[in-house]
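Comments concern the structure below.
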Amino acid sequence: MRNDDAIDDQTTGSFTADAWQRIAQIREKIDALPLLEKLSDGSLPGDVFRHYILQDTLYLNHYARCLAIVAAKAPDNAQVMRFLNSAQKAIQVEQGLHAGILARFGVTADDVAVAEPSPSGFAYTSFLMATAYHCSYAVALSAILPCFWIYWDVGEAIKGRPAAIDNPYQSWIDTYGDPQFAAGAREVIALTDSAAAAASPTERAQMLDVFVRASQYEWMFWDSAWKLEAWPV
Ligand SMILES: Cc1ncc(CO)c(N)n1
Ligand SMILES: Cc1ncsc1CCO
C-alpha cells in the first residue's frame with residue numbers, strides 16, 4: 001500500500017512503523033468507507049458532505065488549539081515553531097477551504113457559531129484536548145499524529161483514482177492530496193519517532209494507546225457524518 005512504501009524507506013522498525021501496522025485493520029475500514037468512495041467520484045450526497053464539513057470545522061477549531069498546546073510542551077524552539085505553524089495552517093484551512101464550501105451550502109458564520117458537535121466529533125475533540133493538556137509531549141504528539149497521517153493517506157488514495165470531471169469536492173481532495181500536506185505529515189512522523197526513542201517503555205505504551213484511539217475516532221468521524229449522526233436525546 002501507498003504509505004507502507006514510504007514507511008519502509010524511512011522508518012522500518014520505528015515506533016511509527018509499528019503503530020501504523022497496528023492500525024492496519026482500521027485503515028482498511030477507512031479505505032472501504034462509502035463516504036470516501038463517493039467523495040472521490042463526486043457522487044456524495046450534499047447533505048452528508050455539509051454535515052461532515054460543518055463538524056470538521058468544529059473539529060479543526062479544537063485541533064488547532066491542541067497543536068498550540070503541543071507547541072507549548074515542545075522541547076526546543078524548532079518544534080515549538082513547527083506546531084505553531086501547523087496550528088496556524090489548521091485555522092487557515094478552517095477559514096479558507098471550509099468557509100468556501102460552507103458558503104456554497106448556504107451555511108453562514110452564525111450557523112457555525114451555534115452548531116452543536118456530533119457525539120463522535122465531541123468525543124474525538126474531548127479526547128484530543130484532554131490528552132494534549134494532561135499528557136507528556138511525546139504522548140500528546142502521538143495522539144495528534146493520526147489526524148495528519150490518515151488524511152495524507154486518504155488524500156493519496158483518492159489522487160490515485162481516476163479524477164471525476166467537475167467533482168464538487170475537488171477543493172477538499174486538492175487540500176489533502178497536496179504534497180505540502182504530505183511533507184507536513186512526514187515531519188510529524190519523524191518528530192514522533194524522535195520523541196518515542198527518548199521515551200520510557202511505559203510512555204511508549206501510552207503513545208501507542210492514544211495513537212490507536214485517535215485512529216478509531218478518525219473512522220468514527222467519517223462514519224458519523226455518513227449517518228448524519230446527532231444526539232439521541
Ligand atoms: C477529523 C479530521 N481528522 C483529520 C483532519 C486532517 O486535518 C481533519 N480535517 N479532520
Ligand atoms: C493537520 C491539518 N489539517 C488541516 S491543516 C493541518 C495542519 C497542517 O500543517
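As shown in the C-alpha cells, the chain order sets the letters A, B, ...; within each chain, residues go from 1, and ligands are also counted from 1 in the order they appear.
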Q: Select the residues contacting ligand 1 at a distance of at most 8 Å, based on only C-alpha atoms and all ligand atoms, then format the selection as JSON, numbers by chain.
A: {"A": [56, 57, 59, 60, 90, 121, 146, 147, 148, 150, 151, 152, 176, 217, 218, 221, 222]}
(Q) Could you list the protein, DNA and RNA residues that have any atom within 10 Å of ligand 2, counting only C-alpha atoms and all ligand atoms, and write them as number ranges by chain? (A) A: 56, 59-60, 63-64, 67, 82-94, 97, 144-152, 175-176, 180-185, 187-188
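When only C-alpha atoms are used to measure the gap to Ala115 (chain A), the shortest distance among A:Trp226, A:Ser40, A:Gln55, A:Ser194 belongs to A:Gln55.
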Q. Where does DSSP see alpha helix (DSSP H) in region 135-174 of chain A, if you list the residues as a count of residues only?
A. 28
(Q) Can you tell me which residues surround Ala32 (chain A) at a distance of at most 12 Å, considering only C-alpha atoms, apart from same-chain residues fewer than 2 positions away, and format the answer as JSON, numbers by chain? (A) {"A": [25, 26, 27, 28, 29, 30, 34, 35, 36, 37, 38, 154, 157, 158, 219, 222, 223]}
**Q.** Atom-to-atom span, CA of Ala123 (chain A) and CA of Arg50 (chain A), Å
**A.** 19.8 Å
Q. CA of Ala199 (chain A) and CA of Ala138 (chain A) are how many Å apart?
A.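 Value for the CA of Ala199 (chain A)-CA of Ala138 (chain A) distance: 7.3 Å.
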Q. What's the 8 Å shell around Ala143 (chain A), counting only C-alpha atoms, without same-chain residues fewer than 6 positions away, as JSON, numbers by chain?
A. {"A": [128, 131, 132, 207, 210, 211, 213, 214]}
Take the residues from that selection and put them in a file with C-alpha atoms, as an mmCIF file, in the first residue's frame.
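Result file is result-v4.cif:
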data_model
loop_
_atom_site.group_PDB
_atom_site.id
_atom_site.type_symbol
_atom_site.label_atom_id
_atom_site.label_comp_id
_atom_site.auth_asym_id
_atom_site.auth_seq_id
_atom_site.Cartn_x
_atom_site.Cartn_y
_atom_site.Cartn_z
ATOM 1 C CA LEU A 128 -7.512 15.122 21.990
ATOM 2 C CA THR A 131 -4.518 14.219 26.067
ATOM 3 C CA ALA A 132 -2.857 17.439 24.900
ATOM 4 C CA MET A 207 1.868 6.648 22.947
ATOM 5 C CA VAL A 210 -3.519 7.166 22.132
ATOM 6 C CA PHE A 211 -2.398 6.601 18.528
ATOM 7 C CA ARG A 213 -7.632 5.573 19.961
ATOM 8 C CA ALA A 214 -7.273 8.619 17.712
#
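With only C-alpha atoms as the atoms that count, the minimum distance from Leu58 (chain A) to the choices A:Ser120, A:Ser136, A:Ser200, A:Asn167 is reached by A:Ser120.
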Q) For the atom pair CA of Ala99 (chain A) and CA of His51 (chain A), what is the interatomic distance in Å to one decimal place? A)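 Going from CA of Ala99 (chain A) over to CA of His51 (chain A) covers 13.5 Å.
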(Q) Please determine, counting only C-alpha atoms, which residue among A:Ala130, A:Leu141, A:Ala163, A:Ala198 has the shortest atom-to-atom distance to Ala74 (chain A). (A)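 With only C-alpha atoms as the atom set, the closest residue is A:Leu141.
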Q | Among listed residues A:Ile165, A:Ala72, A:Leu54, A:Ile173, nearest Asp111 (chain A) (using only C-alpha atoms) | A | A:Leu54
Q. For Gln216 (chain A), which residue among A:Phe127, A:Trp231, A:Trp172, A:Tyr133 is the nearest when counting only C-alpha atoms?
A.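 Looking only at the distances to Gln216 (chain A), the closest residue turns out to be A:Phe127.
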Q.
Residues near Leu228 (chain A), anyone? I mean within 9 Å using only C-alpha atoms, not counting same-chain ones fewer than 4 positions away, as an NGL selection string.
A. :A and (47-48 or 51-52 or 118 or 223-224)
Q) From the list A:Tyr137, A:Asp76, A:Asp153, A:Glu203, which residue is nearest Arg186 (chain A) when using only C-alpha atoms? A) A:Asp153
